[in-house]
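Trainee: Please read through the structure below; I'll follow up with questions.
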Amino acid sequence: MHASRLRAVRTAAVLTVLFMVLLILVVARWGPLEDADGDIAEALHRTAVTHHGWTDANKVLTDWVWDPWTMRAGTALLAGWLLWRRERLLALWIAATSVAGTAIQQGVKAAVGRERPHWRNPVDSAHYAAFPSGHALTATVAFGLLLWVMARCGARRAWLRAAALVAAVSVAGVGFTRVYLGVHWPSDVLGGWLLGAALVCAAAATYPYPYARRVPADRTDEPTGESPDTPR
């Protein structure tokens, strides 16, 4: 097994185990976890109630910039770009991973049925069950897939670093907005991050194309400008 694929398998396994442990603690309503969730959520809610401008900014970010439908639209554009490059299998893999993430998230929500925080003076509202956070999971999947495709297609290191920075800010930021606005517990967000990252690593680990570079026989002495991970 190629080293990159092996790392993806191991990372996916570790993330899955961590998510399952968190899931068990949430279902069991483990006291220390619920206490930590409550303390953090209450402290952020007190700030949200009194800082209206900052609260409005968080609403814009969570409802428009990092909304799950915005993230899915970005993933659809990525799949479309891959189709344009005639990378049909990779485009299908990206779309299937995104759909699987939504389906698994909704299934876990229905199975766990965790209630969202309730406040006397709410600053925002959300429906359906709380665990795991769909916003956190969808952003993690969307940006994780983007970074994976960029690496496979041999993107320049500077572009990869810039994309990784945007991804880190977005994934962390959307998690913060959900707790700050009082519609999720911190462990809901953590669950979304873990499950989303596990799905991306699983997609990378099970993608069937080989990772070896293919160089035309008559150009073996010339640089190709492509990464060893460039898909064919």
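Residue numbers start at 1 in each chain; chains themselves are named A, B, ... in the order of the structure tokens; ligands are numbered from 1 in the order shown.
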Do you know which residues are at most 10 Å from Trp159 in chain A counting only C-alpha atoms, after dropping those on the same chain fewer than 6 positions away, and could you put them as a compact mmCIF listing (two decimals) with all heavy atoms, in the first residue's frame?
Mentor:
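Output file selection-v2.txt follows:
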# COMPACT_ATOMS: atom_id res chain seq x y z
N LEU A 147 -8.57 20.53 -0.34
CA LEU A 147 -7.14 20.39 -0.10
C LEU A 147 -6.60 19.08 -0.68
O LEU A 147 -5.50 19.05 -1.24
CB LEU A 147 -6.85 20.46 1.40
CG LEU A 147 -7.10 21.83 2.06
CD1 LEU A 147 -6.95 21.71 3.57
CD2 LEU A 147 -6.13 22.88 1.52
N MET A 150 -6.37 19.51 -4.46
CA MET A 150 -5.25 20.39 -4.80
C MET A 150 -3.92 19.66 -4.70
O MET A 150 -3.04 19.80 -5.55
CB MET A 150 -5.26 21.62 -3.89
CG MET A 150 -6.38 22.60 -4.17
SD MET A 150 -6.36 24.03 -3.04
CE MET A 150 -4.84 24.85 -3.56
N ALA A 151 -3.75 18.87 -3.65
CA ALA A 151 -2.51 18.11 -3.48
C ALA A 151 -2.35 17.08 -4.59
O ALA A 151 -1.25 16.91 -5.15
CB ALA A 151 -2.50 17.44 -2.11
N LEU A 165 -4.83 27.70 5.13
CA LEU A 165 -5.13 28.76 6.09
C LEU A 165 -6.61 29.13 6.04
O LEU A 165 -7.27 29.27 7.08
CB LEU A 165 -4.26 29.99 5.79
CG LEU A 165 -4.51 31.22 6.67
CD1 LEU A 165 -4.24 30.88 8.14
CD2 LEU A 165 -3.63 32.38 6.22
Trainee: Which neighbours of range 88-94 of chain A fall inside 7 Å, counting only C-alpha atoms, when residues of the same chain fewer than 6 positions from it are skipped, and could you give them as an MDAnalysis selection string?
Mentor: chainID A and resid 79 82 145
Trainee: Selected residues, N, CA and C atoms, written as a PDB file, in the first residue's frame, please.
Mentor:
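selection05.pdb, freshly written:
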ATOM      1  N   ALA A  79     -16.301  19.596  -8.238  1.00  0.00           N
ATOM      2  CA  ALA A  79     -16.592  18.412  -9.051  1.00  0.00           C
ATOM      3  C   ALA A  79     -16.763  18.794 -10.524  1.00  0.00           C
ATOM      4  N   LEU A  82     -13.413  19.286 -12.103  1.00  0.00           N
ATOM      5  CA  LEU A  82     -12.774  17.999 -12.377  1.00  0.00           C
ATOM      6  C   LEU A  82     -13.383  17.340 -13.603  1.00  0.00           C
ATOM      7  N   LEU A 145     -11.845  18.060   1.185  1.00  0.00           N
ATOM      8  CA  LEU A 145     -11.819  17.552  -0.184  1.00  0.00           C
ATOM      9  C   LEU A 145     -11.066  18.506  -1.110  1.00  0.00           C
TER      10      LEU A 145
END
Trainee: Give the answer as one residue: which of A:Asn58, A:Asp37, A:Thr140, A:Ala96 has the shortest atom-to-atom distance to His184 in chain A, using only C-alpha atoms?
Mentor: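 Among the listed residues, the smallest separation from His184 in chain A belongs to A:Asp37.
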Trainee: I'd like the neighbourhood of Lys109 in chain A as a list in words, where a residue qualifies if any of its atoms comes within 8 Å (using only C-alpha atoms), though same-chain residues fewer than 3 positions away should be ignored.
Mentor: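 So the residues in contact are Gln105, Gln106, Val112, Gly113, Arg114, Tyr128, Ala129, Ala130, Phe131 and Pro132 of chain A.
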Trainee: Choose the residue, out of A:Thr206, A:Ser187, A:Ser170, A:Ser98, that has the smallest atom-to-atom separation from Ala73 in chain A; count only C-alpha atoms.
Mentor: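 Counting only C-alpha atoms, the residue closest to Ala73 in chain A is A:Ser98.
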Trainee: Grab the CA of Ala8 in chain A to CA of Gly196 in chain A distance for me, in Å with one decimal place.
Mentor: 13.5 Å
Trainee: Enter the distance from CA of Gly31 in chain A to CA of Gly191 in chain A, in Å, rounded to one decimal.
Mentor: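 Rounded to one decimal, the two atoms are 17.2 Å apart.
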Trainee: Would you please extract all alpha helix (DSSP H) residues from range 31-135 of chain A, as assigned by DSSP on the backbone, and give them as a ChimeraX atom specification?
Mentor: /A:31-50,52-60,68-84,88-112,134-135
Trainee: Tell me, in Å to one decimal, how far CA of Thr16 in chain A is from CA of Val174 in chain A.
Mentor: 21.3 Å
Trainee: Point out the residue among A:Leu15, A:Leu137, A:Ala142, A:Ala164 with the least atom-to-atom distance to Ala76 in chain A, counting only C-alpha atoms.
Mentor: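 Closest to Ala76 in chain A of all the choices is A:Ala142.
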Trainee: For Ala41 in chain A, which residue among A:Leu190, A:Val99, A:Val179, A:Leu22 is the nearest when counting only C-alpha atoms?
Mentor: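 Smallest distance to Ala41 in chain A is found for A:Val179.
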Trainee: When distances are computed from only C-alpha atoms, which of A:Tyr180, A:Ala197, A:Gly74, A:Ala111 shows the smallest separation from Ala57 in chain A?
Mentor: A:Tyr180
Trainee: Return the single residue from A:Ala48, A:Ile40, A:Leu77, A:Val17 that is closest to Ala95 in chain A, with distances computed using only C-alpha atoms.
Mentor: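 Closest to Ala95 in chain A, using only C-alpha atoms: A:Leu77.
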Trainee: Can you tell me which residues surround Ser133 in chain A at a distance of at most 6 Å, considering only C-alpha atoms, apart from same-chain residues fewer than 6 positions away, and format the answer as a ChimeraX atom specification?
Mentor: /A:188-189,192
Trainee: Can you pull out the residues contacting range 51-54 of chain A? Cut-off 12 Å, using only C-alpha atoms, and skip same-chain residues under 6 positions away; I want them as a list in words.
Mentor: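 The residues that qualify are Leu44, His45, Val60, Leu61, Val123, Asp124, Thr177, Tyr180 and Leu181 of chain A.
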